[in-house]
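One file, work.pdb, carrying PDB, N, CA and C atoms:
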```pdb
MODEL        1
ATOM      1  N   MET A  13      -3.432   6.805 -57.708
ATOM      2  CA  MET A  13      -3.226   5.504 -57.155
ATOM      3  C   MET A  13      -2.943   5.610 -55.661
ATOM      4  N   LYS A  14      -3.568   4.741 -54.869
ATOM      5  CA  LYS A  14      -3.410   4.787 -53.416
ATOM      6  C   LYS A  14      -2.111   4.122 -52.997
ATOM      7  N   SER A  15      -1.563   4.648 -51.895
ATOM      8  CA  SER A  15      -0.324   4.054 -51.400
ATOM      9  C   SER A  15      -0.644   2.781 -50.614
ATOM     10  N   ASN A  16       0.384   2.010 -50.313
ATOM     11  CA  ASN A  16       0.209   0.756 -49.581
ATOM     12  C   ASN A  16      -0.313   1.001 -48.170
ATOM     13  N   THR A  17       0.088   2.088 -47.553
ATOM     14  CA  THR A  17      -0.374   2.350 -46.187
ATOM     15  C   THR A  17      -1.858   2.671 -46.153
ATOM     16  N   ALA A  18      -2.339   3.362 -47.167
ATOM     17  CA  ALA A  18      -3.760   3.683 -47.210
ATOM     18  C   ALA A  18      -4.589   2.419 -47.412
ATOM     19  N   ARG A  19      -4.087   1.478 -48.192
ATOM     20  CA  ARG A  19      -4.821   0.232 -48.440
ATOM     21  C   ARG A  19      -4.811  -0.669 -47.202
ATOM     22  N   MET A  20      -3.765  -0.616 -46.396
ATOM     23  CA  MET A  20      -3.660  -1.477 -45.224
ATOM     24  C   MET A  20      -4.378  -0.902 -44.004
ATOM     25  N   ARG A  21      -4.720   0.374 -44.044
ATOM     26  CA  ARG A  21      -5.330   1.022 -42.895
ATOM     27  C   ARG A  21      -6.689   0.407 -42.552
ATOM     28  N   ILE A  22      -7.532   0.136 -43.532
ATOM     29  CA  ILE A  22      -8.876  -0.401 -43.287
ATOM     30  C   ILE A  22      -8.818  -1.823 -42.736
ATOM     31  N   PRO A  23      -8.071  -2.760 -43.325
ATOM     32  CA  PRO A  23      -8.025  -4.105 -42.746
ATOM     33  C   PRO A  23      -7.405  -4.129 -41.345
ATOM     34  N   LEU A  24      -6.401  -3.301 -41.102
ATOM     35  CA  LEU A  24      -5.802  -3.263 -39.768
ATOM     36  C   LEU A  24      -6.773  -2.688 -38.746
ATOM     37  N   SER A  25      -7.544  -1.705 -39.143
ATOM     38  CA  SER A  25      -8.543  -1.131 -38.247
ATOM     39  C   SER A  25      -9.615  -2.165 -37.910
ATOM     40  N   LEU A  26     -10.065  -2.904 -38.915
ATOM     41  CA  LEU A  26     -11.069  -3.940 -38.666
ATOM     42  C   LEU A  26     -10.508  -5.048 -37.771
ATOM     43  N   LEU A  27      -9.261  -5.391 -37.960
ATOM     44  CA  LEU A  27      -8.621  -6.405 -37.129
ATOM     45  C   LEU A  27      -8.532  -5.929 -35.676
ATOM     46  N   ALA A  28      -8.172  -4.680 -35.475
ATOM     47  CA  ALA A  28      -8.066  -4.126 -34.122
ATOM     48  C   ALA A  28      -9.428  -4.091 -33.441
ATOM     49  N   ILE A  29     -10.461  -3.733 -34.173
ATOM     50  CA  ILE A  29     -11.813  -3.708 -33.607
ATOM     51  C   ILE A  29     -12.254  -5.121 -33.250
ATOM     52  N   GLY A  30     -11.939  -6.087 -34.095
ATOM     53  CA  GLY A  30     -12.309  -7.471 -33.814
ATOM     54  C   GLY A  30     -11.611  -8.020 -32.590
ATOM     55  N   VAL A  31     -10.321  -7.725 -32.439
ATOM     56  CA  VAL A  31      -9.577  -8.194 -31.264
ATOM     57  C   VAL A  31     -10.118  -7.536 -29.999
ATOM     58  N   ALA A  32     -10.406  -6.263 -30.063
ATOM     59  CA  ALA A  32     -10.946  -5.557 -28.898
ATOM     60  C   ALA A  32     -12.310  -6.127 -28.511
ATOM     61  N   ALA A  33     -13.129  -6.436 -29.473
ATOM     62  CA  ALA A  33     -14.450  -6.998 -29.181
ATOM     63  C   ALA A  33     -14.325  -8.409 -28.602
ATOM     64  N   LEU A  34     -13.382  -9.172 -29.111
ATOM     65  CA  LEU A  34     -13.192 -10.539 -28.636
ATOM     66  C   LEU A  34     -12.758 -10.563 -27.175
ATOM     67  N   PHE A  35     -11.731  -9.788 -26.832
ATOM     68  CA  PHE A  35     -11.231  -9.789 -25.459
ATOM     69  C   PHE A  35     -12.059  -8.909 -24.534
ATOM     70  N   GLY A  36     -12.645  -7.871 -25.050
ATOM     71  CA  GLY A  36     -13.462  -6.976 -24.228
ATOM     72  C   GLY A  36     -14.731  -7.649 -23.750
ATOM     73  N   GLY A  37     -15.324  -8.477 -24.557
ATOM     74  CA  GLY A  37     -16.545  -9.171 -24.162
ATOM     75  C   GLY A  37     -16.299 -10.179 -23.060
ATOM     76  N   GLN A  38     -15.153 -10.838 -23.080
ATOM     77  CA  GLN A  38     -14.839 -11.804 -22.038
ATOM     78  C   GLN A  38     -14.574 -11.117 -20.712
ATOM     79  N   ALA A  39     -13.989  -9.945 -20.739
ATOM     80  CA  ALA A  39     -13.681  -9.244 -19.504
ATOM     81  C   ALA A  39     -14.956  -8.787 -18.809
ATOM     82  N   LEU A  40     -15.970  -8.477 -19.551
ATOM     83  CA  LEU A  40     -17.214  -8.012 -18.956
ATOM     84  C   LEU A  40     -18.102  -9.168 -18.492
ATOM     85  N   ALA A  41     -17.786 -10.371 -18.903
ATOM     86  CA  ALA A  41     -18.659 -11.498 -18.580
ATOM     87  C   ALA A  41     -18.596 -11.873 -17.110
ATOM     88  N   TYR A  42     -17.415 -11.800 -16.456
ATOM     89  CA  TYR A  42     -17.281 -12.205 -15.064
ATOM     90  C   TYR A  42     -16.349 -11.243 -14.360
ATOM     91  N   ASP A  43     -16.812 -10.655 -13.281
ATOM     92  CA  ASP A  43     -15.961  -9.707 -12.575
ATOM     93  C   ASP A  43     -15.261 -10.349 -11.387
ATOM     94  N   GLY A  44     -15.591 -11.577 -11.007
ATOM     95  CA  GLY A  44     -14.861 -12.299  -9.985
ATOM     96  C   GLY A  44     -15.178 -11.916  -8.563
ATOM     97  N   THR A  45     -16.221 -11.161  -8.327
ATOM     98  CA  THR A  45     -16.539 -10.744  -6.961
ATOM     99  C   THR A  45     -17.874 -11.305  -6.513
ATOM    100  N   LYS A  46     -17.913 -11.640  -5.257
ATOM    101  CA  LYS A  46     -19.161 -12.033  -4.606
ATOM    102  C   LYS A  46     -19.279 -11.142  -3.383
ATOM    103  N   CYS A  47     -19.930 -10.011  -3.540
ATOM    104  CA  CYS A  47     -19.973  -9.014  -2.481
ATOM    105  C   CYS A  47     -20.963  -9.415  -1.387
ATOM    106  N   LYS A  48     -20.497  -9.311  -0.120
ATOM    107  CA  LYS A  48     -21.386  -9.554   1.015
ATOM    108  C   LYS A  48     -22.346  -8.387   1.167
ATOM    109  N   GLU A  49     -21.835  -7.187   0.914
ATOM    110  CA  GLU A  49     -22.643  -5.964   0.924
ATOM    111  C   GLU A  49     -21.921  -4.960   0.037
ATOM    112  N   ALA A  50     -22.524  -3.827  -0.188
ATOM    113  CA  ALA A  50     -21.922  -2.834  -1.075
ATOM    114  C   ALA A  50     -20.583  -2.365  -0.510
ATOM    115  N   GLY A  51     -19.520  -2.499  -1.277
ATOM    116  CA  GLY A  51     -18.196  -2.079  -0.847
ATOM    117  C   GLY A  51     -17.414  -3.139  -0.096
ATOM    118  N   ASN A  52     -18.032  -4.262   0.259
ATOM    119  CA  ASN A  52     -17.348  -5.338   0.976
ATOM    120  C   ASN A  52     -17.250  -6.530   0.037
ATOM    121  N   CYS A  53     -16.302  -6.470  -0.887
ATOM    122  CA  CYS A  53     -16.209  -7.479  -1.938
ATOM    123  C   CYS A  53     -14.960  -8.333  -1.825
ATOM    124  N   TRP A  54     -14.258  -8.291  -0.682
ATOM    125  CA  TRP A  54     -13.057  -9.110  -0.543
ATOM    126  C   TRP A  54     -13.452 -10.564  -0.469
ATOM    127  N   GLU A  55     -12.717 -11.392  -1.165
ATOM    128  CA  GLU A  55     -13.013 -12.819  -1.203
ATOM    129  C   GLU A  55     -11.709 -13.575  -1.012
ATOM    130  N   SER A  56     -11.660 -14.451  -0.013
ATOM    131  CA  SER A  56     -10.418 -15.183   0.252
ATOM    132  C   SER A  56     -10.229 -16.283  -0.778
ATOM    133  N   LYS A  57      -8.978 -16.712  -0.884
ATOM    134  CA  LYS A  57      -8.683 -17.821  -1.785
ATOM    135  C   LYS A  57      -9.253 -19.106  -1.201
ATOM    136  N   PRO A  58      -9.527 -20.088  -2.020
ATOM    137  CA  PRO A  58     -10.034 -21.359  -1.503
ATOM    138  C   PRO A  58      -9.043 -21.986  -0.525
ATOM    139  N   GLY A  59      -9.538 -22.443   0.609
ATOM    140  CA  GLY A  59      -8.699 -23.061   1.620
ATOM    141  C   GLY A  59      -8.193 -22.092   2.667
ATOM    142  N   TYR A  60      -8.415 -20.783   2.501
ATOM    143  CA  TYR A  60      -7.971 -19.798   3.490
ATOM    144  C   TYR A  60      -8.993 -19.763   4.621
ATOM    145  N   PRO A  61      -8.556 -19.813   5.886
ATOM    146  CA  PRO A  61      -9.507 -19.891   7.001
ATOM    147  C   PRO A  61     -10.260 -18.584   7.221
ATOM    148  N   GLU A  62     -11.411 -18.683   7.864
ATOM    149  CA  GLU A  62     -12.201 -17.491   8.182
ATOM    150  C   GLU A  62     -11.480 -16.620   9.204
ATOM    151  N   THR A  63     -10.879 -17.242  10.225
ATOM    152  CA  THR A  63     -10.101 -16.499  11.212
ATOM    153  C   THR A  63      -8.640 -16.924  11.098
ATOM    154  N   VAL A  64      -7.744 -15.951  11.118
ATOM    155  CA  VAL A  64      -6.326 -16.225  10.926
ATOM    156  C   VAL A  64      -5.684 -16.715  12.224
ATOM    157  N   ALA A  65      -6.168 -16.224  13.358
ATOM    158  CA  ALA A  65      -5.562 -16.584  14.643
ATOM    159  C   ALA A  65      -5.645 -18.087  14.863
ATOM    160  N   GLY A  66      -4.495 -18.698  15.162
ATOM    161  CA  GLY A  66      -4.441 -20.128  15.409
ATOM    162  C   GLY A  66      -4.288 -20.981  14.168
ATOM    163  N   SER A  67      -4.343 -20.389  12.996
ATOM    164  CA  SER A  67      -4.195 -21.168  11.768
ATOM    165  C   SER A  67      -2.732 -21.157  11.338
ATOM    166  N   LYS A  68      -2.438 -21.829  10.252
ATOM    167  CA  LYS A  68      -1.061 -21.846   9.759
ATOM    168  C   LYS A  68      -0.656 -20.489   9.182
ATOM    169  N   TYR A  69      -1.610 -19.590   8.944
ATOM    170  CA  TYR A  69      -1.328 -18.261   8.424
ATOM    171  C   TYR A  69      -1.090 -17.243   9.538
ATOM    172  N   ASP A  70      -1.250 -17.647  10.797
ATOM    173  CA  ASP A  70      -1.056 -16.743  11.925
ATOM    174  C   ASP A  70       0.427 -16.400  12.047
ATOM    175  N   PRO A  71       0.804 -15.102  11.995
ATOM    176  CA  PRO A  71       2.222 -14.755  12.035
ATOM    177  C   PRO A  71       2.865 -14.955  13.409
ATOM    178  N   LYS A  72       2.092 -15.053  14.487
ATOM    179  CA  LYS A  72       2.603 -15.280  15.840
ATOM    180  C   LYS A  72       3.745 -14.310  16.164
ATOM    181  N   HIS A  73       3.410 -13.016  16.199
ATOM    182  CA  HIS A  73       4.405 -11.983  16.453
ATOM    183  C   HIS A  73       4.935 -12.071  17.878
ATOM    184  N   ASN A  74       6.217 -11.821  18.009
ATOM    185  CA  ASN A  74       6.864 -11.789  19.308
ATOM    186  C   ASN A  74       6.534 -10.444  19.966
ATOM    187  N   PRO A  75       5.976 -10.437  21.190
ATOM    188  CA  PRO A  75       5.626  -9.160  21.832
ATOM    189  C   PRO A  75       6.835  -8.247  22.035
ATOM    190  N   ASN A  76       8.015  -8.824  22.272
ATOM    191  CA  ASN A  76       9.206  -7.981  22.446
ATOM    192  C   ASN A  76       9.540  -7.242  21.155
ATOM    193  N   GLU A  77       9.378  -7.907  20.024
ATOM    194  CA  GLU A  77       9.644  -7.251  18.739
ATOM    195  C   GLU A  77       8.623  -6.151  18.471
ATOM    196  N   LEU A  78       7.371  -6.383  18.854
ATOM    197  CA  LEU A  78       6.335  -5.378  18.628
ATOM    198  C   LEU A  78       6.534  -4.165  19.532
ATOM    199  N   ASN A  79       7.108  -4.362  20.722
ATOM    200  CA  ASN A  79       7.304  -3.254  21.657
ATOM    201  C   ASN A  79       8.501  -2.393  21.300
ATOM    202  N   LYS A  80       9.367  -2.855  20.411
ATOM    203  CA  LYS A  80      10.536  -2.070  20.018
ATOM    204  C   LYS A  80      10.138  -0.733  19.407
ATOM    205  N   GLN A  81       9.085  -0.733  18.607
ATOM    206  CA  GLN A  81       8.671   0.512  17.962
ATOM    207  C   GLN A  81       8.130   1.498  18.982
ATOM    208  N   SER A  82       7.315   1.029  19.923
ATOM    209  CA  SER A  82       6.783   1.958  20.923
ATOM    210  C   SER A  82       7.897   2.490  21.817
ATOM    211  N   ALA A  83       8.922   1.671  22.105
ATOM    212  CA  ALA A  83      10.053   2.137  22.906
ATOM    213  C   ALA A  83      10.850   3.190  22.143
ATOM    214  N   SER A  84      11.055   2.990  20.861
ATOM    215  CA  SER A  84      11.815   3.975  20.083
ATOM    216  C   SER A  84      11.020   5.270  19.926
ATOM    217  N   ILE A  85       9.709   5.177  19.844
ATOM    218  CA  ILE A  85       8.887   6.387  19.736
ATOM    219  C   ILE A  85       8.948   7.179  21.032
ATOM    220  N   SER A  86       8.887   6.491  22.194
ATOM    221  CA  SER A  86       8.962   7.231  23.452
ATOM    222  C   SER A  86      10.339   7.858  23.639
ATOM    223  N   ALA A  87      11.401   7.190  23.186
ATOM    224  CA  ALA A  87      12.734   7.787  23.265
ATOM    225  C   ALA A  87      12.829   9.008  22.354
ATOM    226  N   MET A  88      12.217   8.939  21.180
ATOM    227  CA  MET A  88      12.209  10.075  20.265
ATOM    228  C   MET A  88      11.457  11.247  20.880
ATOM    229  N   GLU A  89      10.337  10.998  21.526
ATOM    230  CA  GLU A  89       9.563  12.071  22.152
ATOM    231  C   GLU A  89      10.336  12.702  23.301
ATOM    232  N   ALA A  90      11.103  11.891  24.042
ATOM    233  CA  ALA A  90      11.916  12.435  25.127
ATOM    234  C   ALA A  90      13.016  13.345  24.576
ATOM    235  N   ARG A  91      13.663  12.933  23.476
ATOM    236  CA  ARG A  91      14.688  13.777  22.861
ATOM    237  C   ARG A  91      14.085  15.073  22.343
ATOM    238  N   ASN A  92      12.899  14.980  21.738
ATOM    239  CA  ASN A  92      12.247  16.189  21.235
ATOM    240  C   ASN A  92      11.881  17.124  22.379
ATOM    241  N   ALA A  93      11.462  16.574  23.518
ATOM    242  CA  ALA A  93      11.141  17.410  24.675
ATOM    243  C   ALA A  93      12.387  18.133  25.181
ATOM    244  N   GLN A  94      13.537  17.456  25.163
ATOM    245  CA  GLN A  94      14.794  18.113  25.560
ATOM    246  C   GLN A  94      15.147  19.241  24.602
ATOM    247  N   ARG A  95      14.961  19.009  23.320
ATOM    248  CA  ARG A  95      15.269  20.036  22.321
ATOM    249  C   ARG A  95      14.377  21.261  22.498
ATOM    250  N   VAL A  96      13.078  21.022  22.737
ATOM    251  CA  VAL A  96      12.139  22.137  22.892
ATOM    252  C   VAL A  96      12.441  22.902  24.172
ATOM    253  N   ALA A  97      12.754  22.201  25.251
ATOM    254  CA  ALA A  97      13.083  22.876  26.511
ATOM    255  C   ALA A  97      14.326  23.738  26.337
ATOM    256  N   ASN A  98      15.336  23.224  25.624
ATOM    257  CA  ASN A  98      16.542  24.014  25.379
ATOM    258  C   ASN A  98      16.233  25.208  24.484
ATOM    259  N   LEU A  99      15.368  25.024  23.496
ATOM    260  CA  LEU A  99      14.993  26.126  22.605
ATOM    261  C   LEU A  99      14.300  27.233  23.385
ATOM    262  N   LYS A 100      13.396  26.860  24.280
ATOM    263  CA  LYS A 100      12.689  27.878  25.069
ATOM    264  C   LYS A 100      13.642  28.602  26.009
ATOM    265  N   LYS A 101      14.643  27.881  26.532
ATOM    266  CA  LYS A 101      15.565  28.472  27.491
ATOM    267  C   LYS A 101      16.598  29.367  26.801
ATOM    268  N   THR A 102      17.138  28.908  25.677
ATOM    269  CA  THR A 102      18.237  29.653  25.040
ATOM    270  C   THR A 102      17.801  30.437  23.814
ATOM    271  N   GLY A 103      16.699  30.055  23.179
ATOM    272  CA  GLY A 103      16.272  30.722  21.951
ATOM    273  C   GLY A 103      16.991  30.198  20.722
ATOM    274  N   LYS A 104      17.823  29.170  20.886
ATOM    275  CA  LYS A 104      18.567  28.590  19.774
ATOM    276  C   LYS A 104      18.245  27.094  19.719
ATOM    277  N   PHE A 105      17.938  26.606  18.508
ATOM    278  CA  PHE A 105      17.600  25.189  18.362
ATOM    279  C   PHE A 105      18.858  24.382  18.120
ATOM    280  N   GLU A 106      19.032  23.336  18.891
ATOM    281  CA  GLU A 106      20.154  22.416  18.720
ATOM    282  C   GLU A 106      19.590  21.022  18.490
ATOM    283  N   TYR A 107      19.925  20.424  17.329
ATOM    284  CA  TYR A 107      19.397  19.092  17.005
ATOM    285  C   TYR A 107      20.101  17.997  17.791
ATOM    286  N   ASP A 108      21.402  18.090  17.938
ATOM    287  CA  ASP A 108      22.180  17.039  18.588
ATOM    288  C   ASP A 108      21.950  17.107  20.097
ATOM    289  N   VAL A 109      21.309  16.085  20.627
ATOM    290  CA  VAL A 109      20.957  16.054  22.048
ATOM    291  C   VAL A 109      22.211  15.926  22.912
ATOM    292  N   ALA A 110      23.274  15.333  22.380
ATOM    293  CA  ALA A 110      24.515  15.178  23.142
ATOM    294  C   ALA A 110      25.147  16.535  23.437
ATOM    295  N   LYS A 111      24.885  17.544  22.627
ATOM    296  CA  LYS A 111      25.447  18.886  22.821
ATOM    297  C   LYS A 111      24.622  19.727  23.790
ATOM    298  N   LEU A 112      23.449  19.252  24.162
ATOM    299  CA  LEU A 112      22.597  20.008  25.076
ATOM    300  C   LEU A 112      23.143  19.906  26.502
ATOM    301  N   PRO A 113      22.993  20.979  27.287
ATOM    302  CA  PRO A 113      23.429  20.892  28.688
ATOM    303  C   PRO A 113      22.537  19.937  29.456
ATOM    304  N   LYS A 114      23.153  19.192  30.365
ATOM    305  CA  LYS A 114      22.393  18.225  31.175
ATOM    306  C   LYS A 114      21.558  18.978  32.208
ATOM    307  N   PRO A 115      20.327  18.572  32.417
ATOM    308  CA  PRO A 115      19.473  19.286  33.386
ATOM    309  C   PRO A 115      19.855  19.001  34.837
TER     310      PRO A 115
ENDMDL
END
```
Full structure transcribed into structure tokens:
Amino acid sequence: MKSNTARMRIPLSLLAIGVAALFGGQALAYDGTKCKEAGNCWESKPGYPETVAGSKYDPKHNPNELNKQSASISAMEARNAQRVANLKKTGKFEYDVAKLPKP
């Protein structure tokens, strides 16, 4: 005599195949892309402008805020140059720039 699990295996398998076929067929029907060319398939939402500049989506970045990163990078490069110069002079690397002798 077969156990209950063996009897339920076939109907559950058929149910799983049916569900996969039902949802799998719909997914293949429409991929949602209208490609301008191969690899260029980005599509904006309806109502989004062609150019962002001047539209309500324009972030209007403050130039002073954008320059903060370049200023911090140049300060970092200056500190690194001091560290390297001290390393070449003394042969010992010191991370803390405040401990370096003033030139």
- At what distance in Å, to one decimal, does CA of Gln81 in chain A lie from CA of Ser67 in chain A?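 So the answer is 26.0 Å.
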- Between CA of Thr102 in chain A and CA of Lys114 in chain A, measure the distance and give it in Å to one decimal.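 Interatomic distance, CA of Thr102 in chain A to CA of Lys114 in chain A: 13.6 Å.
For Ala97 in chain A, the residues within 12 Å (counting only C-alpha atoms, excluding itself and residues fewer than 5 positions away along the chain) are A:Ala90, A:Arg91, A:Asn92, A:Thr102, A:Gly103, A:Lys104, A:Phe105, A:Glu106, A:Val109, A:Leu112, A:Pro113, A:Lys114, A:Pro115.
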- Task: Work out how far apart CA of Met88 in chain A and CA of Pro71 in chain A are and give it in Å to one decimal.
- Result: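 CA of Pro71 in chain A lies at a distance of 28.0 Å from CA of Met88 in chain A.
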